[in-house]
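**Student:** This is the content of entry_27.cif (mmCIF, C-alpha atoms):
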data_target
loop_
_atom_site.group_PDB
_atom_site.id
_atom_site.type_symbol
_atom_site.label_atom_id
_atom_site.label_comp_id
_atom_site.auth_asym_id
_atom_site.auth_seq_id
_atom_site.Cartn_x
_atom_site.Cartn_y
_atom_site.Cartn_z
ATOM 1 C CA MET A 122 0.000 0.000 0.000
ATOM 2 C CA PHE A 123 2.840 2.389 0.792
ATOM 3 C CA LEU A 124 5.120 3.745 -1.937
ATOM 4 C CA GLN A 125 8.816 4.185 -1.281
ATOM 5 C CA ALA A 126 10.236 7.701 -1.539
ATOM 6 C CA SER A 127 12.144 6.695 -4.685
ATOM 7 C CA SER A 128 8.931 5.748 -6.494
ATOM 8 C CA ILE A 129 6.892 8.887 -5.809
ATOM 9 C CA ARG A 130 7.683 12.459 -6.721
ATOM 10 C CA ILE A 131 7.257 14.339 -3.457
ATOM 11 C CA ALA A 132 8.455 17.699 -2.163
ATOM 12 C CA VAL A 133 7.564 20.412 0.315
ATOM 13 C CA ALA A 134 4.801 22.607 -1.062
ATOM 14 C CA VAL A 135 4.797 26.349 -1.565
ATOM 15 C CA LEU A 136 1.901 28.764 -1.894
ATOM 16 C CA ALA A 137 -1.030 28.890 -4.279
ATOM 17 C CA LEU A 138 -0.798 29.811 -7.935
ATOM 18 C CA ALA A 139 -1.913 33.306 -8.847
ATOM 19 C CA SER A 140 -3.026 32.235 -12.333
ATOM 20 C CA ALA A 141 -4.263 29.180 -14.205
ATOM 21 C CA PRO A 142 -2.001 26.127 -14.473
ATOM 22 C CA ALA A 143 0.776 26.691 -17.004
ATOM 23 C CA SER A 144 1.158 24.416 -20.017
ATOM 24 C CA SER A 145 4.951 24.553 -20.086
ATOM 25 C CA ALA A 146 6.707 21.453 -18.753
ATOM 26 C CA ALA A 147 3.402 19.933 -17.654
ATOM 27 C CA LEU A 148 3.511 16.682 -15.735
ATOM 28 C CA SER A 149 1.056 13.914 -16.617
ATOM 29 C CA LEU A 150 -0.840 10.963 -15.199
ATOM 30 C CA ASP A 151 -2.830 8.225 -16.933
ATOM 31 C CA PRO A 152 -6.178 7.307 -15.361
ATOM 32 C CA LEU A 153 -6.621 4.127 -13.339
ATOM 33 C CA SER A 154 -9.895 3.478 -15.118
ATOM 34 C CA ALA A 155 -11.833 4.790 -18.120
ATOM 35 C CA ALA A 156 -15.185 3.583 -16.769
ATOM 36 C CA PRO A 157 -18.198 5.711 -17.742
ATOM 37 C CA GLN A 158 -18.981 8.787 -15.668
ATOM 38 C CA SER A 159 -21.284 8.305 -12.704
ATOM 39 C CA SER A 160 -22.276 10.356 -9.676
ATOM 40 C CA GLY A 161 -20.202 9.789 -6.572
ATOM 41 C CA GLY A 162 -20.939 10.215 -2.906
ATOM 42 C CA GLY A 163 -17.519 11.065 -1.483
ATOM 43 C CA VAL A 164 -14.312 9.311 -0.545
ATOM 44 C CA SER A 165 -13.914 7.027 2.450
ATOM 45 C CA ALA A 166 -13.127 9.066 5.576
ATOM 46 C CA THR A 167 -12.033 8.002 9.059
ATOM 47 C CA TRP A 168 -11.637 10.531 11.892
ATOM 48 C CA VAL A 169 -9.868 9.721 15.158
ATOM 49 C CA GLN A 170 -9.322 11.926 18.226
ATOM 50 C CA VAL A 171 -7.110 11.418 21.274
ATOM 51 C CA ARG A 172 -6.752 12.961 24.715
ATOM 52 C CA ASP A 173 -4.757 16.188 24.888
ATOM 53 C CA ASP A 174 -2.411 14.641 27.461
ATOM 54 C CA ALA A 175 -1.676 11.478 25.450
ATOM 55 C CA HIS A 176 2.012 10.739 24.757
ATOM 56 C CA PHE A 177 2.514 8.783 21.549
ATOM 57 C CA SER A 178 4.017 11.057 18.861
ATOM 58 C CA THR A 179 6.792 9.537 16.738
ATOM 59 C CA GLN A 180 7.784 12.914 15.251
ATOM 60 C CA PRO A 181 11.577 13.305 15.778
ATOM 61 C CA TRP A 182 12.879 16.221 17.853
ATOM 62 C CA ALA A 183 16.351 16.964 19.186
ATOM 63 C CA GLU A 184 16.960 19.171 22.194
ATOM 64 C CA ALA A 185 20.118 21.316 22.047
ATOM 65 C CA GLY A 186 23.132 19.044 22.021
ATOM 66 C CA GLY A 187 21.071 15.876 22.255
ATOM 67 C CA PRO A 188 19.976 13.096 19.913
ATOM 68 C CA ALA A 189 16.710 13.139 17.963
ATOM 69 C CA LEU A 190 13.999 11.359 19.939
ATOM 70 C CA PRO A 191 10.253 10.885 19.384
ATOM 71 C CA ILE A 192 8.434 13.970 20.659
ATOM 72 C CA GLY A 193 6.116 11.683 22.616
ATOM 73 C CA SER A 194 9.040 10.702 24.818
ATOM 74 C CA TYR A 195 9.470 14.259 26.168
ATOM 75 C CA ALA A 196 7.465 15.445 29.175
ATOM 76 C CA TRP A 197 6.038 18.314 27.099
ATOM 77 C CA GLY A 198 5.403 16.161 24.010
ATOM 78 C CA ASP A 199 1.720 15.341 24.339
ATOM 79 C CA GLY A 200 -0.734 15.170 21.444
ATOM 80 C CA ILE A 201 -0.163 15.065 17.671
ATOM 81 C CA TRP A 202 3.008 16.592 16.190
ATOM 82 C CA GLY A 203 3.248 15.267 12.649
ATOM 83 C CA THR A 204 1.590 13.299 9.869
ATOM 84 C CA GLY A 205 3.505 10.201 10.967
ATOM 85 C CA ASP A 206 1.257 10.174 14.028
ATOM 86 C CA VAL A 207 -1.825 9.611 11.870
ATOM 87 C CA ASN A 208 -0.866 5.938 11.448
ATOM 88 C CA VAL A 209 -0.704 5.572 15.225
ATOM 89 C CA LEU A 210 -4.151 7.065 15.681
ATOM 90 C CA MET A 211 -5.720 4.979 12.926
ATOM 91 C CA GLY A 212 -4.402 1.833 14.592
ATOM 92 C CA LEU A 213 -5.797 2.517 18.071
ATOM 93 C CA PRO A 214 -8.159 -0.264 19.187
ATOM 94 C CA ALA A 215 -11.572 0.417 20.672
ATOM 95 C CA GLY A 216 -11.251 1.050 24.382
ATOM 96 C CA ASP A 217 -7.712 2.426 24.224
ATOM 97 C CA PRO A 218 -7.350 4.946 27.087
ATOM 98 C CA MET A 219 -5.941 7.580 24.683
ATOM 99 C CA LEU A 220 -8.981 7.389 22.398
ATOM 100 C CA VAL A 221 -11.644 10.098 22.626
ATOM 101 C CA GLY A 222 -13.696 9.175 19.571
ATOM 102 C CA ARG A 223 -13.798 7.675 16.080
ATOM 103 C CA VAL A 224 -16.098 8.511 13.152
ATOM 104 C CA GLY A 225 -16.288 6.997 9.666
ATOM 105 C CA GLY A 226 -18.249 7.610 6.484
ATOM 106 C CA LEU A 227 -18.175 9.057 2.966
ATOM 107 C CA SER A 228 -17.664 12.735 2.247
ATOM 108 C CA ALA A 229 -15.956 15.449 0.280
ATOM 109 C CA ILE A 230 -12.891 17.049 1.896
ATOM 110 C CA SER A 231 -13.843 20.442 3.296
ATOM 111 C CA PHE A 232 -14.057 20.705 7.095
ATOM 112 C CA ALA A 233 -13.064 22.917 10.014
ATOM 113 C CA ASN A 234 -13.424 23.024 13.771
ATOM 114 C CA THR A 235 -15.481 25.515 15.769
ATOM 115 C CA VAL A 236 -12.419 27.610 16.639
ATOM 116 C CA TYR A 237 -11.532 28.165 12.979
ATOM 117 C CA ASN A 238 -15.129 28.845 11.935
ATOM 118 C CA GLY A 239 -15.502 31.408 14.716
ATOM 119 C CA LEU A 240 -12.357 33.283 13.684
ATOM 120 C CA ALA A 241 -13.202 33.162 9.978
ATOM 121 C CA GLY A 242 -16.822 34.180 10.554
ATOM 122 C CA SER A 243 -15.897 37.115 12.799
ATOM 123 C CA GLY A 244 -13.449 38.548 10.278
ATOM 124 C CA SER A 245 -10.505 38.063 12.633
ATOM 125 C CA TYR A 246 -8.536 36.445 9.814
ATOM 126 C CA GLY A 247 -8.987 39.432 7.520
ATOM 127 C CA SER A 248 -9.977 39.232 3.873
ATOM 128 C CA TRP A 249 -7.969 36.253 2.568
ATOM 129 C CA GLY A 250 -10.366 34.514 0.186
ATOM 130 C CA TYR A 251 -9.667 31.009 1.476
ATOM 131 C CA ASP A 252 -10.967 31.886 4.941
ATOM 132 C CA TYR A 253 -14.646 31.097 5.361
ATOM 133 C CA ALA A 254 -16.704 28.850 7.625
ATOM 134 C CA ARG A 255 -16.816 25.199 6.565
ATOM 135 C CA PRO A 256 -18.801 22.153 7.765
ATOM 136 C CA LEU A 257 -17.794 21.040 11.230
ATOM 137 C CA ALA A 258 -15.304 18.159 11.282
ATOM 138 C CA PRO A 259 -17.378 15.050 12.148
ATOM 139 C CA ILE A 260 -15.177 14.094 15.093
ATOM 140 C CA VAL A 261 -15.532 17.579 16.610
ATOM 141 C CA ALA A 262 -19.291 17.412 16.107
ATOM 142 C CA GLN A 263 -19.312 14.092 17.976
ATOM 143 C CA THR A 264 -17.042 14.906 20.922
ATOM 144 C CA GLY A 265 -16.971 18.698 21.160
ATOM 145 C CA GLN A 266 -13.176 18.574 21.616
ATOM 146 C CA GLN A 267 -11.413 20.957 19.228
ATOM 147 C CA THR A 268 -7.902 19.542 19.497
ATOM 148 C CA ASN A 269 -5.698 16.535 18.646
ATOM 149 C CA TYR A 270 -7.682 14.844 15.906
ATOM 150 C CA ALA A 271 -6.724 13.304 12.585
ATOM 151 C CA ALA A 272 -8.456 12.095 9.435
ATOM 152 C CA ARG A 273 -7.609 9.670 6.661
ATOM 153 C CA PHE A 274 -9.343 10.053 3.293
ATOM 154 C CA SER A 275 -9.005 7.455 0.542
ATOM 155 C CA GLY A 276 -10.807 6.994 -2.755
ATOM 156 C CA TYR A 277 -11.085 8.095 -6.346
ATOM 157 C CA LEU A 278 -11.657 11.280 -8.322
ATOM 158 C CA TYR A 279 -13.448 11.432 -11.673
ATOM 159 C CA VAL A 280 -12.024 13.807 -14.287
ATOM 160 C CA ALA A 281 -14.626 14.609 -16.945
ATOM 161 C CA GLU A 282 -12.453 16.679 -19.277
ATOM 162 C CA ALA A 283 -8.880 16.102 -20.427
ATOM 163 C CA GLY A 284 -6.554 19.042 -19.834
ATOM 164 C CA LEU A 285 -4.260 20.799 -17.394
ATOM 165 C CA TYR A 286 -5.177 20.642 -13.701
ATOM 166 C CA ASP A 287 -3.803 21.724 -10.369
ATOM 167 C CA PHE A 288 -4.777 20.666 -6.853
ATOM 168 C CA GLY A 289 -4.626 22.800 -3.725
ATOM 169 C CA LEU A 290 -4.837 22.049 -0.010
ATOM 170 C CA PHE A 291 -5.878 24.736 2.468
ATOM 171 C CA SER A 292 -4.686 23.342 5.772
ATOM 172 C CA ASP A 293 -4.096 23.955 9.454
ATOM 173 C CA ASP A 294 -2.168 21.972 10.684
ATOM 174 C CA GLY A 295 -0.460 19.181 8.683
ATOM 175 C CA PHE A 296 -1.254 16.831 5.805
ATOM 176 C CA VAL A 297 0.109 14.497 3.130
ATOM 177 C CA PHE A 298 -1.818 14.334 -0.162
ATOM 178 C CA SER A 299 -1.185 12.174 -3.217
ATOM 179 C CA LEU A 300 -2.869 11.886 -6.610
ATOM 180 C CA SER A 301 -2.191 8.590 -8.389
ATOM 181 C CA GLY A 302 -2.643 7.167 -11.862
ATOM 182 C CA ASN A 303 -1.669 4.028 -13.717
ATOM 183 C CA ASP A 304 1.830 5.369 -14.302
ATOM 184 C CA GLY A 305 2.743 6.849 -10.919
ATOM 185 C CA ALA A 306 1.742 9.491 -8.384
ATOM 186 C CA TYR A 307 2.428 13.090 -7.361
ATOM 187 C CA ALA A 308 2.292 14.380 -3.820
ATOM 188 C CA VAL A 309 2.321 17.515 -1.685
ATOM 189 C CA ALA A 310 2.872 17.634 2.074
ATOM 190 C CA HIS A 311 3.236 19.797 5.145
ATOM 191 C CA THR A 312 4.303 17.084 7.543
ATOM 192 C CA THR A 313 4.815 18.837 10.882
ATOM 193 C CA HIS A 314 4.644 22.185 12.636
ATOM 194 C CA ALA A 315 7.420 21.246 15.072
ATOM 195 C CA GLY A 316 10.017 24.013 14.825
ATOM 196 C CA SER A 317 7.921 25.946 12.292
ATOM 197 C CA ALA A 318 6.227 29.306 12.724
ATOM 198 C CA SER A 319 3.708 28.731 9.929
ATOM 199 C CA GLY A 320 0.032 28.253 10.669
ATOM 200 C CA ARG A 321 -2.765 27.901 8.142
ATOM 201 C CA ASP A 322 -1.601 28.084 4.548
ATOM 202 C CA TYR A 323 -2.400 27.090 0.963
ATOM 203 C CA TYR A 324 -0.298 24.365 -0.688
ATOM 204 C CA THR A 325 -0.392 23.266 -4.324
ATOM 205 C CA LEU A 326 0.483 20.065 -6.131
ATOM 206 C CA SER A 327 2.167 22.130 -8.833
ATOM 207 C CA GLY A 328 4.237 24.052 -6.307
ATOM 208 C CA ALA A 329 5.494 20.815 -4.795
ATOM 209 C CA ASN A 330 6.498 19.433 -8.183
ATOM 210 C CA GLY A 331 8.449 22.144 -9.977
ATOM 211 C CA ASN A 332 5.561 24.617 -10.446
ATOM 212 C CA ALA A 333 4.176 22.391 -13.206
ATOM 213 C CA ALA A 334 0.522 21.636 -13.889
ATOM 214 C CA ILE A 335 -0.713 18.046 -14.084
ATOM 215 C CA GLU A 336 -2.045 16.904 -17.469
ATOM 216 C CA LEU A 337 -4.935 14.486 -16.922
ATOM 217 C CA ASP A 338 -7.007 12.440 -19.339
ATOM 218 C CA LYS A 339 -10.678 11.691 -18.843
ATOM 219 C CA GLY A 340 -11.177 8.963 -16.250
ATOM 220 C CA TYR A 341 -10.688 7.968 -12.614
ATOM 221 C CA TYR A 342 -7.659 8.742 -10.442
ATOM 222 C CA GLY A 343 -6.760 7.637 -6.942
ATOM 223 C CA LEU A 344 -6.358 10.091 -4.106
ATOM 224 C CA SER A 345 -5.086 9.724 -0.575
ATOM 225 C CA LEU A 346 -4.957 12.310 2.202
ATOM 226 C CA ASP A 347 -3.780 12.124 5.805
ATOM 227 C CA TYR A 348 -4.557 15.214 7.904
ATOM 228 C CA TYR A 349 -4.267 16.320 11.523
ATOM 229 C CA ASN A 350 -5.017 19.298 13.734
ATOM 230 C CA ARG A 351 -3.129 19.654 17.003
ATOM 231 C CA LEU A 352 -4.341 22.769 18.858
ATOM 232 C CA GLU A 353 -6.486 25.845 18.258
ATOM 233 C CA ALA A 354 -7.967 26.418 14.776
ATOM 234 C CA GLY A 355 -8.180 23.499 12.364
ATOM 235 C CA VAL A 356 -9.182 23.409 8.684
ATOM 236 C CA ILE A 357 -8.695 21.141 5.663
ATOM 237 C CA ASP A 358 -10.028 21.746 2.153
ATOM 238 C CA LEU A 359 -9.172 19.936 -1.096
ATOM 239 C CA ALA A 360 -9.705 22.084 -4.201
ATOM 240 C CA TRP A 361 -8.771 21.968 -7.866
ATOM 241 C CA TRP A 362 -8.150 24.346 -10.753
ATOM 242 C CA GLN A 363 -9.924 22.874 -13.778
ATOM 243 C CA PRO A 364 -9.393 23.677 -17.474
ATOM 244 C CA GLY A 365 -11.277 26.778 -18.564
ATOM 245 C CA THR A 366 -11.937 28.017 -15.024
ATOM 246 C CA ASP A 367 -10.614 31.113 -13.282
ATOM 247 C CA GLY A 368 -9.855 29.945 -9.750
ATOM 248 C CA TRP A 369 -9.787 27.298 -7.050
ATOM 249 C CA ARG A 370 -12.969 25.382 -6.287
ATOM 250 C CA SER A 371 -13.491 22.753 -3.602
ATOM 251 C CA ILE A 372 -14.000 19.299 -5.112
ATOM 252 C CA GLU A 373 -17.637 18.287 -4.723
ATOM 253 C CA ALA A 374 -18.706 14.873 -3.420
ATOM 254 C CA ASP A 375 -20.317 13.888 -6.744
ATOM 255 C CA ARG A 376 -16.819 13.707 -8.302
ATOM 256 C CA LEU A 377 -15.480 11.531 -5.483
ATOM 257 C CA PHE A 378 -15.841 7.753 -4.977
ATOM 258 C CA ASP A 379 -14.825 5.190 -2.372
ATOM 259 C CA ARG A 380 -14.383 2.545 -5.097
ATOM 260 C CA LEU A 381 -14.031 2.443 -8.861
ATOM 261 C CA PRO A 382 -17.407 2.207 -10.637
ATOM 262 C CA GLN A 383 -18.173 -0.946 -12.599
ATOM 263 C CA GLY A 384 -17.137 -0.994 -16.224
ATOM 264 C CA GLY A 385 -13.520 -0.045 -15.621
ATOM 265 C CA SER A 386 -10.427 -1.922 -14.621
ATOM 266 C CA ALA A 387 -10.172 -3.779 -11.321
ATOM 267 C CA ALA A 388 -10.035 -1.467 -8.330
ATOM 268 C CA VAL A 389 -6.512 -0.398 -7.435
ATOM 269 C CA PRO A 390 -6.183 1.013 -3.894
ATOM 270 C CA PRO A 391 -5.225 4.695 -3.996
ATOM 271 C CA ALA A 392 -1.557 5.146 -3.186
ATOM 272 C CA ALA A 393 -0.767 6.168 0.366
ATOM 273 C CA VAL A 394 2.377 8.203 0.828
ATOM 274 C CA SER A 395 5.558 7.133 2.564
ATOM 275 C CA VAL A 396 7.014 10.432 3.758
ATOM 276 C CA PRO A 397 10.798 10.901 3.910
ATOM 277 C CA GLU A 398 12.417 12.281 7.054
ATOM 278 C CA PRO A 399 11.770 16.052 7.509
ATOM 279 C CA GLY A 400 15.370 16.880 6.638
ATOM 280 C CA VAL A 401 15.020 15.164 3.268
ATOM 281 C CA LEU A 402 11.778 16.983 2.508
ATOM 282 C CA SER A 403 13.385 20.305 3.351
ATOM 283 C CA LEU A 404 16.317 19.723 1.025
ATOM 284 C CA ILE A 405 14.001 18.795 -1.847
ATOM 285 C CA GLY A 406 11.923 21.949 -1.409
ATOM 286 C CA LEU A 407 14.649 24.572 -0.847
ATOM 287 C CA VAL A 408 15.363 25.329 -4.506
ATOM 288 C CA GLY A 409 11.768 26.089 -5.465
ATOM 289 C CA VAL A 410 10.786 27.879 -2.267
ATOM 290 C CA ALA A 411 13.236 30.766 -2.583
ATOM 291 C CA ALA A 412 12.028 31.731 -6.049
ATOM 292 C CA ALA A 413 8.379 31.207 -5.179
ATOM 293 C CA MET A 414 8.547 33.451 -2.142
ATOM 294 C CA LEU A 415 9.609 36.369 -4.338
ATOM 295 C CA ARG A 416 6.456 36.030 -6.422
ATOM 296 C CA ARG A 417 3.841 35.130 -3.849
ATOM 297 C CA ARG A 418 2.585 36.613 -0.617
ATOM 298 C CA ARG A 419 2.718 34.198 2.293
ATOM 299 C CA ARG A 420 -0.208 34.135 4.666
ATOM 300 C CA THR A 421 0.144 32.575 8.100
ATOM 301 C CA ARG A 422 -1.849 32.471 11.290
#
Re-express the file's structure as structure tokens.

**Tutor:**
Amino acid sequence: MFLQASSIRIAVAVLALASAPASSAALSLDPLSAAPQSSGGGVSATWVQVRDDAHFSTQPWAEAGGPALPIGSYAWGDGIWGTGDVNVLMGLPAGDPMLVGRVGGLSAISFANTVYNGLAGSGSYGSWGYDYARPLAPIVAQTGQQTNYAARFSGYLYVAEAGLYDFGLFSDDGFVFSLSGNDGAYAVAHTTHAGSASGRDYYTLSGANGNAAIELDKGYYGLSLDYYNRLEAGVIDLAWWQPGTDGWRSIEADRLFDRLPQGGSAAVPPAAVSVPEPGVLSLIGLVGVAAAMLRRRRRTR
């Protein structure tokens, strides 16, 4: 299920495009299936939440002069600290003392917690166009706890028109997203906020892969997304820039599926992402980030 780092093109993302996807040096993916178009109901989604005082994080952290150790091993290291912790949460058995709640179902990918919706709705975040109230994350609606929750989304996306596409993630805190086809996968990630001053931000698949759009044919593609929110405001939104459109639009549930419709090839599980160590991700992203920062305004919490 997991791809090795050598078999997936992955890098640290930068900010959103200011214009439509460019045709120069476009990347490409072939669809997993050319089954006829149908109406979907969302991808498979699992939400898990843990106690704020739970110690389990595997995210590495080195104190001054010391070795890198899992953050969960430090006295202050409670809760979620990176996307690597999502696997831990998804594997918690029923009745585990760390577990607060678990929710599953089918959905699109556009959710926030009450803290984020309150700030966005009050205008406290200003006039950035990505900031608006979204449906309440199902786990928050169930438990009322705003903190230390994660979600795993897995399924398929139907592309109705061949052309150049881009995909964007509006996120607070971390995520790993991949889009897969018959011939490979592309990914974008913000894996941890440990040691980082950034808060909510917009990340693009093009920005993570050489500022190149993704050329897609008509058909079905796999998608995989791991997401977490640690403290305070939390939001996740998957959007795309389609051919002939003038901006980002959240992907609606009718384009999303938990399995490939009949009439296509046998179902191939969407590729999950094996994330390199943070140092490797940083080295991959350094070249593109410097140039991108000159052209784009960064927005943080």

**Student:** Here is a test: counting only C-alpha atoms, which residue of A:Asn303, A:Ser228, A:Ser178, A:Thr204 is nearest to Leu190 of chain A?

**Tutor:**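 Comparing A:Asn303, A:Ser228, A:Ser178, A:Thr204 against Leu190 of chain A, the winner is A:Ser178.
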
**Student:** When the PyMOL selection byres ((chain A and resi 364) around 7) is applied to the file above, which residues end up in the set, as a list in words?

**Tutor:**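 For this structure, the PyMOL selection byres ((chain A and resi 364) around 7) resolves to Gly284, Leu285, Tyr286, Trp362, Gln363, Gly365 and Thr366 of chain A.
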
**Student:** Residues within 12 Å of Ala196 of chain A, please, as a list in words. Count all atoms listed in the file; anything in the same chain fewer than 2 positions from it doesn't count.

**Tutor:**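 So the residues in contact are Asp174, Ala175, His176, Phe177, Ser178, Pro191, Ile192, Gly193, Ser194, Gly198, Asp199 and Gly200 of chain A.
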
**Student:** Report, in Å to a single decimal, how far apart atom CA of Ala241 of chain A and atom CA of Leu344 of chain A are.

**Tutor:**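 Going from atom CA of Leu344 of chain A over to atom CA of Ala241 of chain A, I get 27.9 Å.
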
**Student:** For Leu346 of chain A, which residue among A:Val261, A:Leu300, A:Leu150, A:Val221 is the nearest when counting all atoms listed in the file?

**Tutor:**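 Among A:Val261, A:Leu300, A:Leu150, A:Val221, it is A:Leu300 that comes nearest to Leu346 of chain A.
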
**Student:** Could you list the residues chosen by the PyMOL selection byres ((chain A and resi 325) around 6) in this structure as JSON, numbers by chain?

**Tutor:** {"A": [137, 288, 289, 324, 326, 327, 328]}

**Student:** So how far away is atom CA of Ala360 of chain A from atom CA of Leu377 of chain A, in Å?

**Tutor:** 12.1 Å

**Student:** Please compute the atom CA of Gly162 of chain A-atom CA of Met211 of chain A distance, one decimal, in Å.

**Tutor:**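 So the answer is 22.6 Å.
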
**Student:** Which one of A:Trp361, A:Tyr237, A:Tyr279, A:Tyr307 sits closest to Arg321 of chain A if you count all atoms listed in the file?

**Tutor:** A:Tyr237

**Student:** For segment 174-178 of chain A, take all atoms listed in the file, fit an axis-aligned box around them, add 4 Å to each of the six sides, then output centre and edge lengths in Å rounded to one decimal, as AutoDock Vina command-line options.

**Tutor:**
--center_x 0.8 --center_y 11.7 --center_z 23.2 --size_x 14.4 --size_y 13.9 --size_z 16.6

**Student:** Running the PyMOL selection byres ((chain A and resi 163) around 8) on this model by hand, what would come out? Give it as number ranges by chain.

**Tutor:** A: 161-162, 164-165, 227-229, 276, 373-379

**Student:** Can you tell me which residues surround Phe296 of chain A at a distance of at most 8 Å, considering only C-alpha atoms, apart from same-chain residues fewer than 4 positions away, and format the answer as a list of chain:residue names?

**Tutor:**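 Skipping anything fewer than 4 positions along the chain leaves A:Thr204, A:Ser292, A:Ala310, A:His311, A:Thr312, A:Leu346, A:Asp347, A:Tyr348, A:Tyr349.
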
**Student:** With all atoms listed in the file counted, which protein, DNA or RNA residues have an atom no more than 6 Å from (-13.9, 19.8, 12.8) in the file frame? Please answer as a ChimeraX atom specification.

**Tutor:** /A:232-234,257-259,261

**Student:** Hey, which of A:Tyr253, A:Trp182, A:Trp369, A:Tyr270 ends up closest to Asp206 of chain A? Count only C-alpha atoms.

**Tutor:** A:Tyr270

**Student:** Counting all atoms listed in the file, figure out which residue out of A:Val356, A:Thr235, A:Ala281, A:Ser159 gets nearest to Thr264 of chain A.

**Tutor:** A:Thr235

**Student:** Which is closer to Val280 of chain A than all the others in A:Glu184, A:Glu336, A:Asp173, A:Asp367, using all atoms listed in the file?

**Tutor:** A:Glu336
